[in-house]
Structure formats: C-alpha cells, structure tokens
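Participant: The structure under discussion is supplied below as structure tokens; questions concerning it will follow.
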Amino acid sequence: MNDSLILASASPQRARLLEQLGLAFTAIPADIDETPREGEAPEALAERLARTKAEALSAAYPAARILGSDTVVAYGDEAFGKPRDLADAQRMLAALGGTTHRVITGVALFSGGVTETRTVVSEVALDVLDEAAIAAYWATGEPQGAAGAYAIQGHAGQFISHLSGSFSAVMGLPVYETATLLRATGLDPLALAGNERRSA
C-alpha cells in the first residue's frame with residue numbers, strides 16, 4: 001500500500017463523503033480506546049481520537065496516507081459519544097433536545113511520518129423528543145453508531161431545525177478540511193477528477 005490512501009474507519013458515512021472527492025482508498029478500521037480523559041475538553045477529545053486513529057495504522061502502513069476522523073457531540077463541557085443501548089440514547093437525546101449544541105469533528109492525516117490535524121465545530125439545534133419518539137427512532141437502527149445518538153443525514157434530519165457550520169463535518173468527515181490536508185501532501189482531488197475526465 002505504498003503511497004495509497006487509507007481511511008481508518010468503518011463508517012459508511014465517512015466512506016461516502018470521501019468517495020465524493022473521487023479518491024481511491026481502502027477502509028481499514030483503527031481499533032483504539034475512545035474513553036475521554038479526565039477533564040478533557042470535547043474539542044481536544046475529537047482531535048486526539050482522530051490523530052490516534054490515523055497513527056494507529058502508521059506502523060503497518062508507513063508509506064500510506066492515513067486519514068482518521070472522530071466526531072463528538074457536546075453540550076457545555078459534557079461530551080456525548082455513541083450510545084451503549086436504548087437507555088443511553090434516551091439520556092443523550094433528552095439532554096440534547098431543545099438545545100443548540102456543538103458537534104465537533106476532528107480530522108487527521110498521517111503522511112510521510114507527520115500527522116496534521118484540523119478541528120471543525122458546528123452548532124446544531126435539535127427538537128425536544130419524547131420517549132415514544134426516541135424509542136421509534138432507536139428502532140430504525142440509526143442512532144446506534146452515531147455520536148449523540150442521532151445521524152443528521154438520516155431520519156434525525158426531521159428533528160434538526162438549524163445547523164451552523166459544516167454539514168459534512170456533522171456527518172463525520174469535514175470535506176473541505178480533508179481536501180485541504182490531502183492537497184498539502186500532493187494529492188489534489190480536483191486535479192485527479194479532471195485527469196479522469198480527460199482520459200475517459
């Protein structure tokens with residue numbers, strides 16, 4: 001995998017967003033401990049986990065570009081990760097409902113022995129959901145793998161009244177920042193797309 005691009009994630013949403021850039025890549029999930037550190041700010045947590053994911057695969061693929069990303073939903077200083085079960089999802093959505101909260105996505109790119117990171121903070125306003133609505137939403141299967149127990153690109157979009165920031169970052173991978181990091185290493189998604197069109 002010399003000079004290849006690896007997405008250190010099993011997220012289908014992140015894969016789809018990266019595919020939009022027209023890049024060939026391999027998805028290899030990074031198995032890391034995502035437990036927050038005591039007193040760690042949500043912004044620092046998202047950045048650290050993104051960096052850790054990218055660097056976790058660097059020993060096995062030192063010549064590759066490795067992209068890591070992580071999303072944390074936060075209200076105040078409290079960070080909301082992926083729900084463990086329905087009760088945990090109910091706790092999260094009850095806490096976030098009726099608020100404008102932060103969705104923080106860190107993205108990191110390992111290339112040539114160096115890791116560069118970016119952090120994107122968006123604000124999302126979520127409606128108040130009662131227990132029946134939360135249970136029905138849980139039954140869709142969508143909240144299980146989503147930070148804050150909701151996925152804006154799916155059924156939860158009907159509960160989002162406002163978003164300020166990056167829609168792709170809230171989905172899990174900030175496309176603008178990702179493209180910027182890749183271009184800095186000599187991989188220009190737009191130039192590749194142009195080359196493919198000329199050769200077609």
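Ligands are numbered from 1 in the order shown, residues from 1 within each chain, and chains are lettered A, B, ... in the order they appear in the structure tokens.
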With a distance cut-off of 10 Å and only C-alpha atoms, select the neighbouring residues of range 75-77 of chain A, excluding the residue or stretch itself and same-chain residues fewer than 5 positions from it, and output the selection as a list in words.

Facilitator: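 The contact residues come out as Gly39, Glu40, Ala41, Pro42, Glu43, Ala95, Leu96, Thr99, Thr100, His101, Arg102, Val103 and Gly148 of chain A.
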
Participant: For Ala133 in chain A, please output as a VMD selection string all residues within 12 Å (counting only C-alpha atoms; exclusion window: fewer than 4 positions along the same chain).

Facilitator: chain A and resid 86 89 to 90 93 to 94 97 127 to 129 137 to 140 155 to 156 158 to 159

Participant: Could you give me, as a VMD selection string, the residues within 9 Å of Arg14 in chain A, counting only C-alpha atoms and dropping anything in the same chain fewer than 5 positions from it?

Facilitator: chain A and resid 7 9 19 69 168 171 to 173

Participant: Would you mind telling me which residue in A:Ser111, A:Thr35, A:Ser166, A:Gln20 lies nearest to Ala59 in chain A when using only C-alpha atoms?

Facilitator: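 The answer is A:Ser111, which sits nearest to Ala59 in chain A.
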
Participant: Show which residues sit within 6 Å of Leu5 in chain A, as a PyMOL selection string. Count only C-alpha atoms, and ignore same-chain residues fewer than 4 positions away.

Facilitator: chain A and resi 25+64-66

Participant: Restricted to C-alpha atoms, what would the selected residues look like written as a PDB file, in the first residue's frame?

Facilitator:
```
ATOM      1  CA  PHE A  25      -8.955   4.433  -0.872  1.00  0.00           C
ATOM      2  CA  ALA A  64       0.498   5.409   3.033  1.00  0.00           C
ATOM      3  CA  ARG A  65      -1.582   8.492   3.624  1.00  0.00           C
ATOM      4  CA  ILE A  66      -3.842   7.566   6.551  1.00  0.00           C
TER       5      ILE A  66
END
```

Participant: Return as a list of chain:residue names the full set of residues in range 65-164 of chain A whose backbone-based DSSP assignment is alpha helix (DSSP H).

Facilitator: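 Of range 65-164 of chain A, only A:Leu86, A:Ala87, A:Asp88, A:Ala89, A:Gln90, A:Arg91, A:Met92, A:Leu93, A:Ala94, A:Ala95, A:Leu96, A:Glu131, A:Ala132, A:Ala133, A:Ile134, A:Ala135, A:Ala136, A:Tyr137, A:Trp138, A:Ala139 fall in alpha helix (DSSP H).
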
Participant: Quick one: write out the picked residues with C-alpha atoms as a compact mmCIF listing (two decimals), in the first residue's frame?

Facilitator:
```txt
# COMPACT_ATOMS: atom_id res chain seq x y z
CA LEU A 86 -31.66 2.47 24.27
CA ALA A 87 -31.49 3.85 27.80
CA ASP A 88 -28.24 5.63 26.99
CA ALA A 89 -29.75 7.03 23.78
CA GLN A 90 -32.77 8.28 25.72
CA ARG A 91 -30.44 10.01 28.20
CA MET A 92 -28.48 11.69 25.41
CA LEU A 93 -31.43 12.79 23.30
CA ALA A 94 -33.32 14.03 26.36
CA ALA A 95 -30.29 16.13 27.32
CA LEU A 96 -29.74 17.47 23.80
CA GLU A 131 -39.77 8.84 25.00
CA ALA A 132 -42.03 7.39 22.31
CA ALA A 133 -40.26 9.34 19.56
CA ILE A 134 -36.85 8.30 20.89
CA ALA A 135 -37.91 4.64 21.04
CA ALA A 136 -39.25 4.81 17.49
CA TYR A 137 -36.04 6.44 16.29
CA TRP A 138 -33.93 3.82 18.08
CA ALA A 139 -35.90 1.10 16.28
```
